[in-house]
$ cat structure_31.cif   # mmCIF, C-alpha atoms
data_work
loop_
_atom_site.label_atom_id
_atom_site.label_comp_id
_atom_site.auth_asym_id
_atom_site.auth_seq_id
_atom_site.Cartn_x
_atom_site.Cartn_y
_atom_site.Cartn_z
CA MET A 1433 63.40 84.70 16.38
CA THR A 1434 61.92 87.07 13.78
CA GLU A 1435 62.65 90.79 13.75
CA LEU A 1436 59.04 91.52 14.81
CA LYS A 1437 59.34 89.28 17.88
CA ARG A 1438 62.67 90.90 18.73
CA SER A 1439 61.12 94.36 18.56
CA ILE A 1440 58.22 93.25 20.82
CA GLU A 1441 60.73 91.79 23.30
CA ARG A 1442 62.61 95.12 23.29
CA VAL A 1443 59.36 96.99 24.03
CA ILE A 1444 58.85 94.80 27.09
CA ASP A 1445 62.49 94.88 28.25
CA ASP A 1446 62.77 98.67 27.84
CA SER A 1447 59.80 99.30 30.12
CA GLU A 1448 60.37 100.28 33.77
CA LEU A 1449 58.17 97.49 35.05
CA PRO A 1450 59.56 95.10 37.69
CA LYS A 1451 61.03 91.87 36.33
CA ARG A 1452 58.18 89.67 37.55
CA LEU A 1453 55.58 91.97 35.97
CA ARG A 1454 57.53 92.05 32.69
CA GLU A 1455 57.46 88.26 32.61
CA ARG A 1456 53.69 88.23 33.12
CA VAL A 1457 53.21 90.75 30.30
CA ARG A 1458 55.47 88.67 28.05
CA GLN A 1459 53.52 85.48 28.82
CA THR A 1460 50.21 87.25 28.22
CA MET A 1461 51.38 88.39 24.79
CA ILE A 1462 52.48 84.85 23.96
CA ASP A 1463 49.15 83.41 25.10
CA ARG A 1464 47.20 85.96 23.06
CA GLU A 1465 49.55 85.63 20.07
CA VAL A 1466 50.27 89.38 19.85
CA ASP A 1467 52.20 89.97 16.61
CA ASP A 1468 51.91 93.74 16.25
CA LYS A 1469 54.51 96.08 17.77
CA SER A 1470 52.04 98.96 18.20
CA VAL A 1471 49.63 96.67 20.08
CA ALA A 1472 52.52 95.49 22.27
CA GLU A 1473 53.44 99.11 23.04
CA GLU A 1474 49.82 99.90 24.00
CA ILE A 1475 49.70 96.90 26.36
CA VAL A 1476 53.00 97.84 28.02
CA GLN A 1477 51.91 101.49 28.37
CA ALA A 1478 48.57 100.46 29.91
CA VAL A 1479 50.26 98.09 32.37
CA SER A 1480 52.89 100.73 33.23
CA ALA A 1481 50.21 103.36 33.86
CA GLN A 1482 48.28 100.98 36.10
CA TYR A 1483 51.48 100.04 37.92
CA GLU A 1484 52.44 103.67 38.54
CA ALA A 1485 48.91 104.50 39.73
CA ASN A 1486 49.07 101.72 42.30
CA ARG A 1487 52.54 102.40 43.66
CA VAL A 1488 52.76 103.56 47.27
CA ASP A 1489 54.29 106.97 47.86
CA PRO A 1490 57.32 107.18 50.18
CA LEU A 1491 56.33 107.60 53.85
CA GLU A 1492 52.68 106.76 53.15
CA PRO A 1493 51.18 105.09 56.27
CA VAL A 1494 50.13 101.89 54.49
CA GLY A 1495 49.15 100.14 57.72
CA THR A 1496 46.71 102.88 58.69
CA VAL A 1497 45.28 103.04 55.17
CA SER A 1498 44.81 99.27 55.07
CA ALA A 1499 43.15 99.24 58.48
CA GLN A 1500 40.76 101.98 57.37
CA SER A 1501 40.07 100.28 54.02
CA ILE A 1502 39.08 97.02 55.73
CA GLY A 1503 37.55 98.47 58.90
CA GLU A 1504 35.08 100.82 57.23
CA PRO A 1505 33.44 98.10 55.06
CA GLY A 1506 33.47 95.89 58.15
CA THR A 1507 30.91 98.22 59.75
CA GLN A 1508 28.47 97.28 56.97
CA MET A 1509 28.80 93.52 57.42
CA THR A 1510 26.05 91.39 58.90
CA MET A 1511 26.35 89.16 61.96
CA ASN A 1512 24.70 86.15 60.35
CA THR A 1513 25.77 82.57 59.74
CA PHE A 1514 25.09 81.63 56.12
CA HIS A 1515 24.71 78.37 54.25
CA TYR A 1516 27.93 77.57 52.48
CA ALA A 1517 28.02 77.56 48.67
CA GLY A 1518 24.33 76.79 48.43
CA VAL A 1519 24.62 73.61 50.49
CA ALA A 1520 21.64 73.88 52.82
CA GLU A 1521 22.91 71.13 55.13
CA ILE A 1522 26.23 72.81 55.95
CA ASP A 1523 26.31 76.03 57.99
CA VAL A 1524 29.49 78.08 58.09
CA THR A 1525 30.25 81.35 59.85
CA GLN A 1526 30.40 84.33 57.50
CA GLY A 1527 30.14 88.09 57.70
CA LEU A 1528 31.72 90.03 60.56
CA PRO A 1529 32.14 87.01 62.89
CA ARG A 1530 34.24 85.26 60.23
CA LEU A 1531 36.36 88.38 59.63
CA ILE A 1532 37.00 88.60 63.39
CA GLU A 1533 37.97 84.90 63.44
CA LEU A 1534 40.55 85.50 60.73
CA VAL A 1535 42.26 88.59 62.19
CA ASP A 1536 42.16 87.03 65.66
CA ALA A 1537 43.81 83.88 64.21
CA ARG A 1538 41.45 81.68 66.24
CA LYS A 1539 42.86 78.20 66.87
CA LYS A 1540 39.56 76.65 65.74
CA PRO A 1541 36.82 78.28 63.63
CA ASP A 1542 33.31 78.28 65.10
CA THR A 1543 32.12 76.18 62.15
CA PRO A 1544 35.12 74.29 60.72
CA MET A 1545 34.49 72.82 57.27
CA MET A 1546 36.31 71.59 54.19
CA THR A 1547 35.63 71.55 50.47
CA VAL A 1548 37.01 68.25 49.22
CA TYR A 1549 37.65 67.82 45.51
CA LEU A 1550 38.08 64.36 44.00
CA GLU A 1551 40.28 63.04 41.22
CA ASP A 1552 40.02 60.50 38.38
CA GLU A 1553 37.02 58.14 38.55
CA PHE A 1554 36.12 59.28 42.07
CA ALA A 1555 35.04 62.67 40.68
CA ASP A 1556 32.77 61.18 37.99
CA ASP A 1557 31.24 58.08 39.61
CA ARG A 1558 28.81 58.61 42.50
CA GLU A 1559 29.51 55.16 43.95
CA LYS A 1560 33.27 55.80 43.96
CA ALA A 1561 32.66 59.23 45.47
CA HIS A 1562 30.64 57.62 48.26
CA GLU A 1563 33.60 55.37 49.03
CA VAL A 1564 35.55 58.52 49.84
CA VAL A 1565 32.61 59.88 51.86
CA TRP A 1566 32.66 56.83 54.16
CA GLN A 1567 36.43 57.17 54.55
CA ILE A 1568 35.94 60.75 55.77
CA GLU A 1569 32.63 60.87 57.67
CA SER A 1570 32.84 59.48 61.19
CA THR A 1571 30.62 56.42 61.56
CA ARG A 1572 29.27 55.91 65.08
CA ILE A 1573 27.07 53.19 66.50
CA LEU A 1574 23.76 55.04 66.05
CA SER A 1575 24.46 55.17 62.31
CA LEU A 1576 24.90 51.39 62.14
CA GLY A 1577 21.88 50.12 64.06
CA ASP A 1578 19.74 50.22 67.21
CA VAL A 1579 21.06 50.10 70.77
CA SER A 1580 18.95 48.75 73.66
CA THR A 1581 19.67 47.96 77.30
CA ASN A 1582 18.32 45.15 79.46
CA VAL A 1583 18.59 46.27 83.07
CA ALA A 1584 17.41 42.92 84.45
CA ASP A 1585 20.21 40.99 82.70
CA MET A 1586 22.70 43.86 82.72
CA ARG A 1587 23.23 43.55 78.96
CA VAL A 1588 23.59 45.99 76.07
CA THR A 1589 22.22 44.74 72.75
CA ILE A 1590 23.14 46.21 69.36
CA THR A 1591 21.07 45.23 66.32
CA LEU A 1592 23.10 46.18 63.26
CA ASN A 1593 21.48 47.21 60.00
CA GLU A 1594 22.75 44.96 57.18
CA GLU A 1595 22.11 47.51 54.43
CA THR A 1596 24.02 50.21 56.30
CA LEU A 1597 26.93 47.85 56.96
CA GLU A 1598 27.08 46.96 53.27
CA GLU A 1599 26.78 50.58 52.15
CA ARG A 1600 29.56 51.76 54.46
CA MET A 1601 31.65 48.63 53.83
CA ILE A 1602 31.92 47.58 57.48
CA GLU A 1603 31.89 43.98 58.69
CA PRO A 1604 30.01 42.98 61.90
CA GLU A 1605 33.24 41.43 63.17
CA THR A 1606 34.95 44.81 62.83
CA VAL A 1607 32.27 46.43 64.99
CA GLN A 1608 32.61 43.65 67.59
CA GLU A 1609 36.41 43.94 67.74
CA ARG A 1610 36.24 47.71 68.01
CA ILE A 1611 33.79 47.53 70.92
CA GLU A 1612 35.94 45.00 72.77
CA SER A 1613 39.15 47.02 72.31
CA GLN A 1614 37.60 50.40 73.18
CA LEU A 1615 35.35 49.37 76.08
CA GLY A 1616 37.41 46.52 77.50
CA VAL A 1617 34.50 44.05 77.50
CA ASP A 1618 33.78 40.65 76.00
CA ALA A 1619 31.17 41.03 73.25
CA SER A 1620 29.28 38.16 71.61
CA LEU A 1621 28.28 38.25 67.94
CA ASP A 1622 25.30 36.38 66.53
CA GLY A 1623 24.77 37.33 62.88
CA THR A 1624 24.20 41.07 63.14
CA VAL A 1625 23.39 41.16 66.86
CA ILE A 1626 26.11 42.11 69.35
CA GLU A 1627 25.72 41.75 73.12
CA PHE A 1628 27.93 42.73 76.02
CA GLY A 1629 27.69 44.01 79.59
CA PRO A 1630 29.72 45.20 82.59
CA THR A 1631 32.09 42.78 84.29
CA GLN A 1632 30.21 43.26 87.57
CA PRO A 1633 26.44 43.86 87.85
CA SER A 1634 26.16 47.62 88.15
CA TYR A 1635 23.49 49.92 86.77
CA ARG A 1636 25.92 52.84 86.75
CA GLU A 1637 28.52 50.85 84.78
CA LEU A 1638 25.83 49.72 82.33
CA LEU A 1639 24.85 53.33 81.60
CA GLN A 1640 28.50 54.34 81.31
CA LEU A 1641 29.11 51.59 78.75
CA VAL A 1642 26.24 52.92 76.63
CA GLU A 1643 27.62 56.47 76.85
CA ASP A 1644 31.13 55.32 75.90
CA LEU A 1645 29.69 53.19 73.08
CA ARG A 1646 28.19 56.27 71.43
CA ASP A 1647 31.60 57.96 71.29
CA ILE A 1648 33.36 55.13 69.41
CA VAL A 1649 34.25 55.89 65.78
CA PHE A 1650 34.03 52.68 63.75
CA LYS A 1651 35.13 54.25 60.46
CA GLY A 1652 36.11 57.65 59.13
CA ILE A 1653 37.65 60.68 60.87
CA GLU A 1654 36.52 61.56 64.38
CA ASP A 1655 36.46 65.34 63.86
CA ILE A 1656 34.21 65.17 60.78
CA SER A 1657 30.61 64.55 61.78
CA ARG A 1658 28.96 64.85 58.36
CA VAL A 1659 29.76 64.93 54.65
CA VAL A 1660 27.48 66.31 51.94
CA ILE A 1661 28.07 65.25 48.34
CA ARG A 1662 27.05 67.46 45.42
CA LYS A 1663 27.51 67.35 41.66
CA GLU A 1664 28.80 70.69 40.45
CA GLU A 1665 29.72 72.35 37.18
CA LEU A 1666 33.41 73.30 37.33
CA ASP A 1667 35.94 74.46 34.75
CA GLU A 1668 36.89 70.84 34.04
CA GLY A 1669 33.24 69.83 33.62
CA GLU A 1670 30.73 68.24 35.97
CA GLU A 1671 32.15 66.41 38.98
CA PHE A 1672 31.26 65.42 42.52
CA VAL A 1673 32.44 67.69 45.35
CA LEU A 1674 32.29 66.91 49.07
CA TYR A 1675 31.49 69.44 51.80
CA THR A 1676 32.35 68.43 55.35
CA GLU A 1677 31.07 69.53 58.74
CA GLY A 1678 34.27 69.56 60.73
CA SER A 1679 37.87 69.69 59.55
CA SER A 1680 40.87 67.37 59.64
CA PHE A 1681 42.91 68.60 56.72
CA GLY A 1682 45.99 66.39 56.99
CA ASP A 1683 43.99 63.17 57.39
CA VAL A 1684 41.75 63.94 54.42
CA LEU A 1685 44.67 64.70 52.09
CA ASP A 1686 46.02 61.17 52.67
CA ILE A 1687 42.80 59.45 51.54
CA ASP A 1688 42.85 57.72 48.17
CA GLY A 1689 40.72 59.59 45.63
CA VAL A 1690 41.08 63.05 47.22
CA ASP A 1691 42.61 65.74 45.00
CA ALA A 1692 45.12 67.31 47.39
CA THR A 1693 45.92 70.14 44.94
CA ARG A 1694 42.41 71.64 45.19
CA THR A 1695 41.01 70.53 48.56
CA ILE A 1696 40.71 73.41 51.04
CA THR A 1697 39.72 74.04 54.66
CA ASN A 1698 38.63 77.19 56.47
CA ASP A 1699 41.01 76.39 59.34
CA ILE A 1700 44.13 78.45 58.61
CA HIS A 1701 46.12 76.75 61.39
CA GLU A 1702 45.58 73.34 59.79
CA ILE A 1703 46.80 74.76 56.48
CA HIS A 1704 49.89 76.13 58.22
CA LYS A 1705 50.56 72.79 59.88
CA ASN A 1706 50.23 70.72 56.70
CA LEU A 1707 51.28 73.06 53.88
CA GLY A 1708 53.43 75.74 55.49
CA ILE A 1709 53.27 79.45 56.26
CA GLU A 1710 53.05 80.63 52.63
CA ALA A 1711 49.93 78.53 52.10
CA ALA A 1712 48.47 79.94 55.34
CA ARG A 1713 49.17 83.47 54.09
CA GLU A 1714 47.34 82.75 50.82
CA ALA A 1715 44.44 81.24 52.79
CA ILE A 1716 44.11 84.38 54.95
CA ILE A 1717 44.00 86.56 51.82
CA ASN A 1718 41.48 84.32 50.02
CA GLU A 1719 39.23 83.78 53.04
CA THR A 1720 39.16 87.50 53.86
CA MET A 1721 38.43 88.47 50.27
CA GLU A 1722 35.67 85.85 49.95
CA THR A 1723 34.10 87.00 53.22
CA LEU A 1724 33.99 90.60 51.99
CA GLU A 1725 32.72 89.63 48.52
CA GLU A 1726 29.86 87.58 49.96
CA GLN A 1727 28.73 90.73 51.72
CA GLY A 1728 28.87 92.75 48.51
CA LEU A 1729 32.03 94.56 49.64
CA ASP A 1730 34.23 93.51 46.72
CA ASP A 1731 35.73 96.97 46.12
CA VAL A 1732 38.41 96.51 48.83
CA ASN A 1733 41.79 96.36 47.10
CA VAL A 1734 43.42 92.98 47.60
CA ARG A 1735 46.74 94.66 48.47
CA HIS A 1736 45.28 95.83 51.78
CA LEU A 1737 44.40 92.24 52.61
CA MET A 1738 47.84 91.10 51.45
CA LEU A 1739 49.46 93.55 53.87
CA VAL A 1740 47.37 92.20 56.75
CA ALA A 1741 48.32 88.62 55.81
CA ASP A 1742 52.00 89.59 55.52
CA ILE A 1743 52.00 91.15 58.98
CA MET A 1744 50.22 88.13 60.49
CA THR A 1745 52.67 85.61 59.00
CA ASN A 1746 56.01 87.41 58.57
CA ASN A 1747 57.68 85.69 61.54
CA GLY A 1748 56.92 82.19 60.23
CA ASP A 1749 53.92 81.65 62.50
CA ILE A 1750 50.35 82.98 62.48
CA SER A 1751 49.92 85.93 64.84
CA SER A 1752 46.62 87.54 65.70
CA ILE A 1753 46.01 91.25 65.38
CA GLY A 1754 45.03 91.55 69.03
CA ARG A 1755 46.37 91.90 72.53
CA HIS A 1756 48.35 88.64 72.31
CA GLY A 1757 49.53 89.12 68.75
CA ILE A 1758 50.94 91.96 66.69
CA SER A 1759 49.59 94.81 68.83
CA GLY A 1760 50.96 93.12 71.95
CA ALA A 1761 54.36 92.63 70.31
CA LYS A 1762 55.07 96.27 69.44
CA ALA A 1763 58.34 97.71 70.67
CA SER A 1764 56.62 100.83 72.04
CA VAL A 1765 55.31 100.58 75.60
CA LEU A 1766 52.73 103.33 75.04
CA ALA A 1767 51.48 101.73 71.80
CA ARG A 1768 50.91 98.43 73.60
CA ALA A 1769 49.21 100.18 76.52
CA ALA A 1770 46.95 102.15 74.16
CA PHE A 1771 45.41 99.00 72.69
CA GLU A 1772 44.18 96.91 75.64
CA VAL A 1773 45.05 95.93 79.26
CA THR A 1774 46.78 99.30 79.77
CA VAL A 1775 47.82 98.84 83.40
CA ASN A 1776 49.41 95.44 82.82
CA HIS A 1777 51.57 96.74 79.97
CA LEU A 1778 52.73 99.80 81.92
CA LEU A 1779 53.52 97.81 85.07
CA ASP A 1780 55.41 95.16 83.10
CA ALA A 1781 57.43 97.81 81.26
CA ALA A 1782 58.24 99.60 84.54
CA VAL A 1783 59.40 96.37 86.20
CA HIS A 1784 61.73 95.59 83.29
CA GLY A 1785 62.94 99.18 82.82
CA GLU A 1786 61.81 99.50 79.20
CA ILE A 1787 62.46 102.70 77.23
CA ASP A 1788 60.03 104.09 74.64
CA THR A 1789 61.85 105.82 71.75
CA LEU A 1790 58.60 107.43 70.48
CA SER A 1791 59.26 106.32 66.91
CA GLY A 1792 55.70 105.34 65.94
CA VAL A 1793 52.41 107.13 65.34
CA THR A 1794 50.42 106.05 68.40
CA GLU A 1795 52.98 106.91 71.06
CA ASN A 1796 53.65 110.37 69.57
CA VAL A 1797 49.95 111.17 69.52
CA ILE A 1798 49.69 110.14 73.18
CA VAL A 1799 52.49 112.47 74.31
CA GLY A 1800 51.43 115.30 71.97
CA LYS A 1801 54.41 115.28 69.61
CA PRO A 1802 54.33 115.42 65.77
CA ILE A 1803 54.20 111.95 64.30
CA LYS A 1804 57.14 110.68 62.24
CA LEU A 1805 55.36 111.07 58.90
CA GLY A 1806 55.39 113.76 56.22
CA THR A 1807 56.62 117.10 57.60
CA GLY A 1808 56.94 115.47 61.01
CA ASP A 1809 59.70 113.25 59.62
CA VAL A 1810 61.88 116.18 58.49
CA ASP A 1811 64.60 117.62 60.73
CA LEU A 1812 65.78 121.22 60.08
CA ARG A 1813 69.13 122.61 61.03
CA VAL A 1814 70.94 125.89 60.48
CA GLY A 1815 73.75 125.61 57.93
CA THR A 1816 76.26 127.90 56.23
CA ALA A 1817 75.81 129.26 52.71
CA ASP A 1818 78.23 126.75 51.15
CA GLN A 1819 76.45 123.72 52.65
#
$ encode --input "structure_31.cif" --output "C-alpha cells"
Amino acid sequence: MTELKRSIERVIDDSELPKRLRERVRQTMIDREVDDKSVAEEIVQAVSAQYEANRVDPLEPVGTVSAQSIGEPGTQMTMNTFHYAGVAEIDVTQGLPRLIELVDARKKPDTPMMTVYLEDEFADDREKAHEVVWQIESTRILSLGDVSTNVADMRVTITLNEETLEERMIEPETVQERIESQLGVDASLDGTVIEFGPTQPSYRELLQLVEDLRDIVFKGIEDISRVVIRKEELDEGEEFVLYTEGSSFGDVLDIDGVDATRTITNDIHEIHKNLGIEAAREAIINETMETLEEQGLDDVNVRHLMLVADIMTNNGDISSIGRHGISGAKASVLARAAFEVTVNHLLDAAVHGEIDTLSGVTENVIVGKPIKLGTGDVDLRVGTADQ
C-alpha cells in the first residue's frame, strides 16, 4: 500500500463515523478511484456533517415525530386505485387505501399482484417468456374451449380449441383426466370433444357439474387469474417482465425461468412466509416509500418509515399498528384504552388486577401529569453543599 493510500485510510479511520458508515465511505472512494488526500478529507467531512445533522437527540420522541411525519402527508393522499407501472390491464390499490393496508398489516391486499422478472433466455425470448406465463396463469375450462349442456340427454359437452391447447401446451387427455379426477365422473374423449354427465339423471346435478367444471384449474396457479407480459428497458437492457393479477409468491419462485432474486409481491405476509422477517421489513419500507412517492410526497425521510417497519416486525412477526397490534400490546392500560374499545380494555385490566406505572406519554396526559420527556424526565432533590 502506498503512503498516499495509507494517509487516506487514516483520514477515514480517524473520523467519528460508525464502522458501517466508514466502510461505505471507503468503498465509495475505491469505486471512484479517489487518490487525493484533500478530496478524501472533504468527503469524510461532508459525510460526518450529514451524519451529525441526522442524529437523534437524547430523549427525542422519535415515535411521535415519525407518526406526524407520515400522518400529515397522508392527509394529502388520494383515495384512488391506479394502474400499476403503466400496465393498463392490471389495477392495484395505491394512495391512502394502500398505506392503510400496510400499517394495518392486512392478511391479504385488496388487489394482490406480483412483478415477475425472468432470467437467461426467458427474459429475451417472447416464446420462452410465454412458457412461464402459462406456468403461472391459471387456465380454466372457458379459456380452453366452449361448454354446452344437453338437458334432454343429461350431458355436458366441451369443444376444445386446438390452437389454445397447443399455445398453452395442454393435451386433450390431460383435460379429460383432470375432469374425471375432480368431478368424479366418467368422461369420453373424441378428438377435441369431451362429454360427461351425472351418474343419475338430475337437472340439479347437471347444473352443479357445470359450476364445478368452471372452478377446475387445468394448468398454472389457482390464485393468479391473469398475467400481463411487457418488454421493458431495465438497467441490464431490454427484457420481458410479467405482471400478475393475484399473488402466490412461493409457488412462482419455484418455476423454471423465474428470477427469484428480483421477483416481488405486494403481499408482505407472503414475503415473510417465504423469505423471512427481514425481507418483510424491507418490503414494508419499500412499499410505503413507493406509495408516498407516487403521490408526490417523496420528501418524507426514509428513517421514519424504517422506524415504523422496525416496530411492526421487531418481535419476529408482522404486527399491525391498530387495536390488535402494537397499540393493543402496550403495557399501559390507559394507553390501550385511549386508542380504541376503551371499555373492553378497562374491564379486562380490572379483572386481571393490572397496574399502570404511568411511564409513557399518553397515560400521563390522561391523568394530567408531566410527561416523561425533557424537563418532565428530570427529578430534583435537595442536597448538601458537598454533594
$ residues_around --input "structure_31.cif" --residues "segment 1493-1499 of chain A" --least-positions-apart "4" --cutoff "10 Å" --atoms "all atoms listed in the file" --output "PyMOL selection string"
chain A and resi 1488-1489+1503-1504+1732-1740+1743+1793+1805-1806
$ resolve_selection --input "structure_31.cif" --expression "the PyMOL selection byres ((chain A and resi 1744) around 10)" --output "list in words"
Val1535, Asp1536, Ala1537, Ala1712, Arg1713, Ile1716, Met1738, Leu1739, Val1740, Ala1741, Asp1742, Ile1743, Thr1745, Asn1746, Asn1747, Gly1748, Asp1749, Ile1750, Ser1751, Ser1752, Ile1753, Gly1757 and Ile1758 of chain A
$ residues_around --input "structure_31.cif" --residues "segment 1609-1626 of chain A" --least-positions-apart "2" --cutoff "12 Å" --atoms "only C-alpha atoms" --output "ChimeraX atom specification"
/A:1572-1573,1576-1581,1587-1598,1602-1607,1628-1632,1637-1638,1640-1651
$ closest_residue --input "structure_31.cif" --among "A:Glu1722, A:Glu1441, A:Glu1772, A:Asp1686" --to "Arg1530 of chain A" --atoms "only C-alpha atoms"
A:Glu1722
$ atom_distance --input "structure_31.cif" --atom1 "atom CA of Ala1770 of chain A" --atom2 "atom CA of Gly1800 of chain A"
14.1 Å
$ closest_residue --input "structure_31.cif" --among "A:Lys1469, A:Lys1451, A:Arg1768, A:Arg1458" --to "Ser1439 of chain A" --atoms "only C-alpha atoms"
A:Lys1469
$ closest_residue --input "structure_31.cif" --among "A:Asp1467, A:Glu1563, A:Glu1551, A:Glu1474" --to "Thr1693 of chain A" --atoms "all atoms listed in the file"
A:Glu1551
$ atom_distance --input "structure_31.cif" --atom1 "atom CA of Leu1674 of chain A" --atom2 "atom CA of Val1660 of chain A"
5.6 Å
$ residues_around --input "structure_31.cif" --residues "Gly1506 of chain A" --least-positions-apart "3" --cutoff "9 Å" --atoms "only C-alpha atoms" --output "mmCIF file with C-alpha atoms, in the frame of the given file"
data_model
loop_
_atom_site.group_PDB
_atom_site.id
_atom_site.type_symbol
_atom_site.label_atom_id
_atom_site.label_comp_id
_atom_site.auth_asym_id
_atom_site.auth_seq_id
_atom_site.Cartn_x
_atom_site.Cartn_y
_atom_site.Cartn_z
ATOM 1 C CA SER A 1501 40.070 100.280 54.020
ATOM 2 C CA ILE A 1502 39.080 97.020 55.730
ATOM 3 C CA GLY A 1503 37.550 98.470 58.900
ATOM 4 C CA MET A 1509 28.800 93.520 57.420
ATOM 5 C CA THR A 1510 26.050 91.390 58.900
ATOM 6 C CA GLY A 1527 30.140 88.090 57.700
ATOM 7 C CA LEU A 1528 31.720 90.030 60.560
ATOM 8 C CA LEU A 1531 36.360 88.380 59.630
ATOM 9 C CA LEU A 1724 33.990 90.600 51.990
ATOM 10 C CA LEU A 1729 32.030 94.560 49.640
#
$ atom_distance --input "structure_31.cif" --atom1 "atom CA of Glu1671 of chain A" --atom2 "atom CA of Leu1550 of chain A"
8.0 Å
$ resolve_selection --input "structure_31.cif" --expression "the PyMOL selection byres ((chain A and resi 1791) around 12)" --output "number ranges by chain"
A: 1762-1767, 1787-1790, 1792-1797, 1799, 1801-1805, 1808-1809
$ residues_around --input "structure_31.cif" --residues "Ala1769 of chain A" --least-positions-apart "6" --cutoff "9 Å" --atoms "only C-alpha atoms" --output "MDAnalysis selection string"
chainID A and resid 1760 1775:1778
$ closest_residue --input "structure_31.cif" --among "A:Met1721, A:Arg1662, A:Glu1599, A:Pro1541" --to "Ile1700 of chain A" --atoms "all atoms listed in the file"
A:Pro1541
$ closest_residue --input "structure_31.cif" --among "A:Gln1727, A:Gln1500, A:Gln1459, A:Asn1698" --to "Ala1715 of chain A" --atoms "all atoms listed in the file"
A:Asn1698
$ axis_aligned_box --input "structure_31.cif" --around "segment 1571-1587 of chain A" --padding-each-side "3 Å" --output "JSON"
{"center_x": 24.0, "center_y": 48.7, "center_z": 73.0, "size_x": 19.2, "size_y": 21.4, "size_z": 28.9}
$ closest_residue --input "structure_31.cif" --among "A:Leu1574, A:Met1546, A:Ala1485, A:Ile1717" --to "Gly1682 of chain A" --atoms "only C-alpha atoms"
A:Met1546
$ residues_around --input "structure_31.cif" --residues "Ile1522 of chain A" --least-positions-apart "6" --cutoff "12 Å" --atoms "only C-alpha atoms" --output "MDAnalysis selection string"
chainID A and resid 1513:1516 1543:1547 1657:1662 1674:1678
$ resolve_selection --input "structure_31.cif" --expression "the PyMOL selection byres ((chain A and resi 1690-1692) around 9)" --output "list in words"
Val1548, Tyr1549, Leu1550, Glu1551, Asp1552, Phe1554, Ala1555, Val1564, Val1684, Leu1685, Asp1686, Ile1687, Asp1688, Gly1689, Thr1693, Arg1694, Thr1695 and Ile1696 of chain A
$ build_atoms --input "structure_31.cif" --residues "segment 1552-1565 of chain A" --atoms "N, CA and C atoms" --output "mmCIF file, keeping the file's coordinate frame"
data_model
loop_
_atom_site.group_PDB
_atom_site.id
_atom_site.type_symbol
_atom_site.label_atom_id
_atom_site.label_comp_id
_atom_site.auth_asym_id
_atom_site.auth_seq_id
_atom_site.Cartn_x
_atom_site.Cartn_y
_atom_site.Cartn_z
ATOM 1 N N ASP A 1552 40.220 61.681 39.218
ATOM 2 C CA ASP A 1552 40.020 60.500 38.380
ATOM 3 C C ASP A 1552 38.567 60.018 38.449
ATOM 4 N N GLU A 1553 38.380 58.682 38.587
ATOM 5 C CA GLU A 1553 37.020 58.140 38.550
ATOM 6 C C GLU A 1553 36.200 58.507 39.778
ATOM 7 N N PHE A 1554 36.843 58.900 40.866
ATOM 8 C CA PHE A 1554 36.120 59.280 42.070
ATOM 9 C C PHE A 1554 35.298 60.558 41.850
ATOM 10 N N ALA A 1555 35.743 61.422 40.940
ATOM 11 C CA ALA A 1555 35.040 62.670 40.680
ATOM 12 C C ALA A 1555 33.846 62.482 39.751
ATOM 13 N N ASP A 1556 33.818 61.390 38.995
ATOM 14 C CA ASP A 1556 32.770 61.180 37.990
ATOM 15 C C ASP A 1556 31.733 60.146 38.392
ATOM 16 N N ASP A 1557 32.111 59.210 39.243
ATOM 17 C CA ASP A 1557 31.240 58.080 39.610
ATOM 18 C C ASP A 1557 30.719 58.296 41.034
ATOM 19 N N ARG A 1558 29.390 58.367 41.176
ATOM 20 C CA ARG A 1558 28.810 58.610 42.500
ATOM 21 C C ARG A 1558 29.169 57.515 43.493
ATOM 22 N N GLU A 1559 29.182 56.268 43.044
ATOM 23 C CA GLU A 1559 29.510 55.160 43.950
ATOM 24 C C GLU A 1559 30.950 55.280 44.454
ATOM 25 N N LYS A 1560 31.871 55.629 43.543
ATOM 26 C CA LYS A 1560 33.270 55.800 43.960
ATOM 27 C C LYS A 1560 33.403 57.012 44.888
ATOM 28 N N ALA A 1561 32.618 58.052 44.602
ATOM 29 C CA ALA A 1561 32.660 59.230 45.470
ATOM 30 C C ALA A 1561 32.172 58.900 46.868
ATOM 31 N N HIS A 1562 31.150 58.028 46.951
ATOM 32 C CA HIS A 1562 30.640 57.620 48.260
ATOM 33 C C HIS A 1562 31.664 56.799 49.029
ATOM 34 N N GLU A 1563 32.535 56.088 48.331
ATOM 35 C CA GLU A 1563 33.600 55.370 49.030
ATOM 36 C C GLU A 1563 34.495 56.349 49.791
ATOM 37 N N VAL A 1564 34.748 57.499 49.163
ATOM 38 C CA VAL A 1564 35.550 58.520 49.840
ATOM 39 C C VAL A 1564 34.770 59.136 50.998
ATOM 40 N N VAL A 1565 33.468 59.319 50.798
ATOM 41 C CA VAL A 1565 32.610 59.880 51.860
ATOM 42 C C VAL A 1565 32.725 59.034 53.121
#
